[in-house]
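Student: What follows is the file entry_5.txt, containing compact mmCIF, C-alpha atoms:
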# COMPACT_ATOMS: atom_id res chain seq x y z
CA MET A 1270 -8.06 -4.51 -18.20
CA LYS A 1271 -4.48 -3.47 -17.54
CA THR A 1272 -2.17 -2.88 -20.48
CA PRO A 1273 -0.26 -6.12 -21.24
CA LEU A 1274 3.43 -6.01 -20.39
CA ALA A 1275 4.78 -6.78 -23.84
CA SER A 1276 8.38 -7.07 -22.74
CA ILE A 1277 7.80 -9.40 -19.82
CA GLY A 1278 5.96 -12.70 -19.98
CA ILE A 1279 4.35 -14.54 -17.13
CA LEU A 1280 7.41 -16.67 -16.47
CA ALA A 1281 9.69 -13.64 -16.41
CA ILE A 1282 7.45 -11.81 -13.99
CA THR A 1283 7.35 -14.82 -11.70
CA ALA A 1284 11.13 -15.04 -11.81
CA LEU A 1285 11.37 -11.52 -10.41
CA ILE A 1286 9.51 -12.56 -7.26
CA PRO A 1287 11.84 -14.28 -4.79
CA ALA A 1288 10.59 -17.55 -3.31
CA SER A 1289 11.19 -16.13 0.16
CA ALA A 1290 8.44 -13.57 -0.48
CA MET A 1291 5.72 -16.18 -0.73
CA ALA A 1292 3.86 -16.92 2.48
CA ASP A 1293 1.97 -20.15 3.11
CA THR A 1294 -1.41 -18.43 2.99
CA GLU A 1295 -2.68 -17.87 -0.55
CA ASN A 1296 -4.30 -14.58 -1.47
CA GLN A 1297 -8.02 -15.14 -2.15
CA SER A 1298 -9.32 -11.57 -2.33
CA ASN A 1299 -7.34 -9.92 -5.06
CA ALA A 1300 -9.45 -7.23 -6.69
CA LEU A 1301 -11.62 -4.29 -5.81
CA GLY A 1302 -15.32 -4.81 -6.35
CA SER A 1303 -15.38 -1.41 -8.05
CA PRO A 1304 -12.01 -0.47 -9.58
CA ASN A 1305 -10.96 3.12 -10.31
CA PRO A 1306 -12.13 4.58 -6.97
CA GLN A 1307 -12.67 8.33 -6.92
CA GLN A 1308 -12.89 9.04 -3.18
CA ILE A 1309 -10.32 7.29 -1.00
CA LEU A 1310 -9.56 7.50 2.71
CA TYR A 1311 -6.14 6.41 3.94
CA VAL A 1312 -5.78 5.48 7.62
CA GLY A 1313 -2.39 4.83 9.17
CA ASN A 1314 0.68 6.47 10.64
CA SER A 1315 3.98 8.06 9.62
CA TYR A 1316 4.61 5.37 7.00
CA GLN A 1317 1.98 7.24 5.00
CA TYR A 1318 2.65 10.88 5.85
CA TYR A 1319 6.40 10.83 5.13
CA ASN A 1320 7.56 12.66 1.99
CA ASN A 1321 4.48 14.81 1.42
CA SER A 1322 2.07 11.92 2.07
CA LEU A 1323 1.32 8.75 0.18
CA HIS A 1324 -2.20 9.85 -0.71
CA ASN A 1325 -0.86 12.81 -2.67
CA TYR A 1326 1.43 10.56 -4.75
CA VAL A 1327 -1.41 8.19 -5.63
CA LYS A 1328 -3.80 11.02 -6.44
CA ARG A 1329 -1.27 12.68 -8.76
CA MET A 1330 -0.59 9.38 -10.53
CA ALA A 1331 -4.34 8.93 -11.00
CA GLU A 1332 -4.76 12.48 -12.28
CA ALA A 1333 -1.99 11.87 -14.81
CA ALA A 1334 -3.58 8.60 -15.93
CA TYR A 1335 -7.17 9.90 -16.04
CA PRO A 1336 -6.96 13.61 -16.95
CA ASP A 1337 -10.60 13.77 -18.04
CA THR A 1338 -11.80 12.91 -14.53
CA ALA A 1339 -9.01 14.53 -12.52
CA ASP A 1340 -11.40 16.93 -10.80
CA GLN A 1341 -13.42 13.98 -9.44
CA LEU A 1342 -10.43 12.25 -7.82
CA LYS A 1343 -10.36 13.06 -4.14
CA SER A 1344 -8.54 11.59 -1.18
CA LYS A 1345 -7.98 12.17 2.52
CA SER A 1346 -5.32 10.87 4.87
CA VAL A 1347 -5.85 10.39 8.61
CA THR A 1348 -2.56 9.49 10.28
CA ILE A 1349 -1.36 9.37 13.89
CA SER A 1350 2.35 9.25 14.64
CA GLY A 1351 3.40 5.75 15.68
CA ALA A 1352 -0.21 4.58 15.76
CA TYR A 1353 -1.56 1.06 15.79
CA LEU A 1354 -4.87 0.56 14.00
CA SER A 1355 -6.51 0.00 17.37
CA GLN A 1356 -5.73 3.64 18.22
CA HIS A 1357 -7.81 4.94 15.32
CA GLU A 1358 -11.56 5.41 15.60
CA VAL A 1359 -12.29 4.89 11.94
CA LYS A 1360 -16.06 4.97 12.39
CA SER A 1361 -15.83 8.64 13.34
CA TYR A 1362 -14.05 9.45 10.05
CA LEU A 1363 -16.83 8.01 7.92
CA PHE A 1364 -19.76 10.29 8.69
CA PRO A 1365 -20.56 12.43 5.61
CA GLY A 1366 -19.01 15.86 5.91
CA VAL A 1367 -16.67 15.07 8.81
CA LEU A 1368 -13.57 15.15 6.59
CA GLY A 1369 -15.02 17.57 4.06
CA PHE A 1370 -16.61 15.09 1.65
CA PRO A 1371 -20.42 15.10 1.51
CA ASN A 1372 -20.59 11.58 0.04
CA PRO A 1373 -19.25 8.31 1.46
CA PHE A 1374 -15.78 7.11 0.51
CA ASP A 1375 -15.42 4.47 -2.19
CA VAL A 1376 -12.44 2.84 -0.49
CA VAL A 1377 -10.87 2.99 2.97
CA VAL A 1378 -7.23 1.87 3.20
CA LEU A 1379 -6.12 0.47 6.56
CA GLN A 1380 -2.39 0.42 7.38
CA GLY A 1381 -1.21 -1.20 10.60
CA HIS A 1382 1.83 -0.51 12.74
CA SER A 1383 5.18 -1.73 11.43
CA ALA A 1384 5.46 -4.16 14.36
CA ALA A 1385 1.94 -5.57 14.03
CA ALA A 1386 3.18 -8.98 12.86
CA LEU A 1387 6.02 -9.39 15.36
CA SER A 1388 4.18 -11.05 18.25
CA ASP A 1389 1.02 -13.08 18.82
CA GLU A 1390 -0.38 -10.30 21.00
CA LYS A 1391 0.19 -7.60 18.39
CA GLN A 1392 -1.22 -9.79 15.63
CA GLN A 1393 -4.42 -10.36 17.58
CA GLU A 1394 -4.70 -6.64 18.31
CA PHE A 1395 -4.34 -5.95 14.58
CA ARG A 1396 -6.97 -8.54 13.66
CA ASP A 1397 -9.44 -7.21 16.21
CA ALA A 1398 -8.95 -3.64 15.00
CA VAL A 1399 -9.35 -4.57 11.33
CA LEU A 1400 -12.59 -6.43 12.05
CA ARG A 1401 -13.99 -3.50 14.01
CA HIS A 1402 -13.05 -0.96 11.36
CA HIS A 1403 -14.19 -3.20 8.50
CA ASN A 1404 -17.67 -3.49 10.00
CA ALA A 1405 -17.93 0.30 10.19
CA ILE A 1406 -16.59 0.75 6.65
CA GLU A 1407 -18.87 -1.89 5.18
CA ALA A 1408 -21.90 -0.22 6.77
CA THR A 1409 -21.26 2.90 4.66
CA GLY A 1410 -21.03 0.94 1.40
CA ALA A 1411 -17.28 1.54 1.07
CA GLU A 1412 -14.69 -1.18 0.47
CA THR A 1413 -11.97 -2.04 2.97
CA VAL A 1414 -8.46 -2.45 1.61
CA LEU A 1415 -5.40 -3.50 3.65
CA TYR A 1416 -2.01 -1.86 3.13
CA MET A 1417 0.75 -4.43 3.68
CA THR A 1418 3.63 -2.56 5.32
CA PRO A 1419 7.28 -3.07 4.33
CA ALA A 1420 9.73 -4.80 6.64
CA TYR A 1421 12.55 -2.94 8.39
CA SER A 1422 15.80 -2.53 6.48
CA GLU A 1423 19.18 -3.66 7.76
CA ASP A 1424 19.69 -0.22 9.36
CA HIS A 1425 16.95 -0.96 11.91
CA ASP A 1426 17.87 -2.33 15.33
CA SER A 1427 15.16 -5.00 15.02
CA TYR A 1428 16.01 -6.08 11.47
CA ASP A 1429 14.76 -9.60 10.73
CA ALA A 1430 15.36 -11.26 7.36
CA GLY A 1431 12.05 -13.11 7.73
CA MET A 1432 9.93 -10.08 8.63
CA THR A 1433 8.35 -9.70 5.19
CA ASP A 1434 7.02 -13.26 5.38
CA LYS A 1435 5.42 -12.57 8.76
CA ILE A 1436 3.80 -9.38 7.52
CA GLU A 1437 2.56 -11.02 4.33
CA GLU A 1438 1.03 -13.90 6.27
CA LEU A 1439 -0.81 -11.55 8.62
CA TYR A 1440 -2.20 -9.23 5.96
CA THR A 1441 -3.07 -11.96 3.48
CA SER A 1442 -4.89 -14.09 6.04
CA MET A 1443 -6.76 -11.05 7.33
CA GLY A 1444 -7.67 -9.96 3.81
CA ASN A 1445 -8.99 -13.44 3.11
CA GLN A 1446 -11.01 -13.43 6.33
CA ILE A 1447 -12.89 -10.22 5.56
CA GLY A 1448 -12.81 -10.52 1.75
CA ALA A 1449 -10.66 -7.43 1.30
CA PRO A 1450 -7.96 -6.74 -1.28
CA VAL A 1451 -4.42 -6.32 0.02
CA ILE A 1452 -1.93 -3.83 -1.41
CA PRO A 1453 1.37 -5.78 -1.36
CA VAL A 1454 3.68 -2.86 -0.58
CA GLY A 1455 5.92 -4.99 1.64
CA LEU A 1456 6.47 -7.48 -1.19
CA ALA A 1457 7.21 -4.64 -3.62
CA PHE A 1458 9.94 -3.34 -1.30
CA GLN A 1459 11.46 -6.80 -1.02
CA ASN A 1460 11.35 -7.35 -4.78
CA ALA A 1461 12.93 -3.96 -5.50
CA TYR A 1462 15.75 -4.64 -3.06
CA GLU A 1463 16.32 -8.06 -4.62
CA GLN A 1464 16.89 -6.40 -8.00
CA ARG A 1465 18.60 -3.17 -6.94
CA PRO A 1466 20.07 -3.60 -3.45
CA GLU A 1467 21.84 -0.25 -3.73
CA LEU A 1468 18.55 1.63 -4.01
CA ALA A 1469 17.53 3.23 -0.71
CA LEU A 1470 13.80 2.71 -0.17
CA HIS A 1471 14.14 3.37 3.58
CA VAL A 1472 15.75 6.36 5.26
CA ASP A 1473 19.08 5.25 6.70
CA TYR A 1474 18.69 6.97 10.06
CA ASP A 1475 16.06 4.52 11.28
CA GLY A 1476 15.67 1.78 8.66
CA SER A 1477 11.91 1.96 9.06
CA HIS A 1478 10.36 4.96 7.33
CA PRO A 1479 10.27 5.31 3.55
CA SER A 1480 12.59 7.50 1.52
CA ALA A 1481 11.02 9.47 -1.32
CA GLU A 1482 11.73 6.48 -3.57
CA GLY A 1483 10.05 4.20 -1.03
CA SER A 1484 6.96 6.39 -0.94
CA TYR A 1485 6.92 6.42 -4.74
CA LEU A 1486 7.10 2.62 -4.91
CA ALA A 1487 4.34 2.34 -2.31
CA ALA A 1488 2.13 4.73 -4.28
CA ALA A 1489 2.78 2.88 -7.54
CA THR A 1490 1.76 -0.35 -5.79
CA VAL A 1491 -1.45 1.27 -4.56
CA PHE A 1492 -2.17 2.54 -8.07
CA ALA A 1493 -1.51 -0.89 -9.61
CA THR A 1494 -3.98 -2.39 -7.13
CA PHE A 1495 -6.74 0.17 -7.62
CA TYR A 1496 -6.81 1.22 -11.26
CA ASP A 1497 -7.39 -0.48 -14.61
CA LYS A 1498 -4.52 1.30 -16.34
CA SER A 1499 -0.95 0.18 -16.01
CA VAL A 1500 1.22 2.33 -13.75
CA VAL A 1501 4.14 1.61 -16.09
CA GLY A 1502 4.81 4.77 -18.07
CA ASN A 1503 2.94 7.07 -15.68
CA PRO A 1504 4.51 10.54 -16.07
CA TYR A 1505 4.28 11.56 -12.41
CA THR A 1506 7.76 11.53 -10.86
CA TYR A 1507 7.23 13.61 -7.70
CA TYR A 1508 7.89 16.77 -9.72
CA GLY A 1509 11.18 15.40 -11.02
CA ARG A 1510 12.55 14.38 -7.63
CA ILE A 1511 12.50 10.74 -8.74
CA ASP A 1512 14.73 10.36 -11.78
CA GLU A 1513 13.08 8.79 -14.83
CA ASP A 1514 15.09 5.56 -14.74
CA THR A 1515 14.31 4.97 -11.07
CA ALA A 1516 10.65 5.86 -11.56
CA ALA A 1517 10.37 3.42 -14.47
CA PHE A 1518 12.02 0.67 -12.42
CA LEU A 1519 9.77 1.23 -9.40
CA GLN A 1520 6.65 1.33 -11.59
CA GLN A 1521 7.59 -2.01 -13.14
CA VAL A 1522 8.29 -3.58 -9.75
CA ALA A 1523 4.91 -2.37 -8.47
CA GLU A 1524 3.07 -3.69 -11.54
CA ASP A 1525 4.82 -7.06 -11.42
CA THR A 1526 4.38 -7.49 -7.67
CA VAL A 1527 0.64 -6.80 -7.77
CA ALA A 1528 0.18 -9.11 -10.78
CA GLU A 1529 2.05 -11.96 -9.08
CA TYR A 1530 0.35 -11.47 -5.71
CA ASN A 1531 -3.08 -11.48 -7.32
CA ARG A 1532 -2.38 -14.73 -9.15
CA ARG A 1533 -1.70 -16.72 -5.99
As C-alpha cells, please, write out the structure in this file.
Tutor:
Amino acid sequence: MKTPLASIGILAITALIPASAMADTENQSNALGSPNPQQILYVGNSYQYYNNSLHNYVKRMAEAAYPDTADQLKSKSVTISGAYLSQHEVKSYLFPGVLGFPNPFDVVVLQGHSAAALSDEKQQEFRDAVLRHHNAIEATGAETVLYMTPAYSEDHDSYDAGMTDKIEELYTSMGNQIGAPVIPVGLAFQNAYEQRPELALHVDYDGSHPSAEGSYLAAATVFATFYDKSVVGNPYTYYGRIDEDTAAFLQQVAEDTVAEYNRR
C-alpha cells in the first residue's frame, strides 16, 4: 500500500481538488491488475517526447524508489509528432523483439491527441482507436492504461476553460468501458495551476506542450498510478533541473490527484 500522507487528511486532499475538475462520469477502473510494472510501452505524440521524454522521467523515478530492481525496469516510447491514436498501429509494436524486448510488455500506455475531446467526430475516432489497440494489447497479456492529456493553457489560441472537463469525461468513460486505469495527468495540471497559478507547466510559445515542470508532474502522476510506493519524497529531480521545492509540490499534487480520482 502507498505510504499514508501524515500531513494531509482525506478532507484536506479533497479540498485541493476543484469542483470544476470533476466530470459527471465516475471512475470505475482505478487500479492496475498488477502494480509495479517492469516493462512499459508508452504510445503517443510530442506531449510525451518533450523534455527528454516522459518515459525516462518515470523510469528514473522508479529506479530511485526501487534500487534493488532497477536493472529490471525497462520502458519504450513510440511517438509520432502530432499523432492521433488512430495513426498508430499498436499491434505492430507488441510482437516480441520488435522494440528490443524479448518478452511482452506488462503495461501499454495510450495517449490521445490534445484535441481528441473537442468534437463528436474526434471523440468517436479516439474511442474506436482505443478499442482496436486495447484488443491487441489484451491479446498479449498486457494491461491497457489511458493517459489523460492536460488542457491547453491560456497562451493557446483555442484555450477553453472547460477543456479539462471534456477530456476527463472522454478518458474516464473510455477507461470504464474497457476496464482500464486512467492516469489523471490533465487533472493534475489543473490542480497544480489552482494552487500555484504562477508555475509554468506549459511552454508559453504554444500553450500546449509541457515545460520541464509539466513533464515532471506528468511523470509523477504516472508513477503514483503505477507503483505501490508514494512518489512524495522521490529524490529524482531531472538531475537538479527541477528545484526541490517545486519537485516536492508537484509530487504532492500528483499523489493527491491520483488518490482523489481513484476514490470517485
Student: Just want the 10 Å neighbourhood of A:Tyr1316, counted on all atoms listed in the file, with same-chain residues fewer than 2 positions away dropped. Output as a VMD selection string.
Tutor: chain A and resid 1313 to 1314 1318 to 1320 1322 to 1323 1348 to 1351 1380 to 1383 1418 to 1419 1477 to 1480 1483 to 1484 1487
Student: Between atom CA of A:Lys1498 and atom CA of A:Thr1294, what is the distance, to one decimal in Å?
Tutor: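 According to the coordinates, atom CA of A:Lys1498 and atom CA of A:Thr1294 are separated by 27.8 Å.
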Student: Residues near stretch 1514-1518 of chain A, anyone? I mean within 8 Å using only C-alpha atoms, not counting same-chain ones fewer than 3 positions away, as a ChimeraX atom specification.
Tutor: /A:1485,1501-1502,1506,1511,1521-1522
Student: Please identify all polymer residues within 10 Å of A:Thr1494, counting only C-alpha atoms, omitting same-chain residues fewer than 4 positions from it, and present them as a PyMOL selection string.
Tutor: chain A and resi 1299-1301+1304-1305+1414+1450-1453+1488-1490+1498-1500+1523-1524+1526-1528+1531
Student: Can you measure atom CA of A:Tyr1505 to atom CA of A:Leu1456 for me? One decimal in Å is fine.
Tutor: 22.2 Å
Student: Give the answer as one residue: which of A:His1425, A:Ser1361, A:Gly1455, A:Ser1346 has the shortest atom-to-atom distance to A:Tyr1530, using only C-alpha atoms?
Tutor: A:Gly1455
Student: Could you work out how far atom CA of A:Ser1442 lies from atom CA of A:Gln1459, giving the answer in Å with one decimal?
Tutor: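 Those two atoms sit 19.2 Å apart.
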Student: Can you tell me which residues surround stretch 1404-1410 of chain A at a distance of at most 6 Å, considering all atoms listed in the file, apart from same-chain residues fewer than 2 positions away, and format the answer as number ranges by chain?
Tutor: A: 1360, 1401-1402
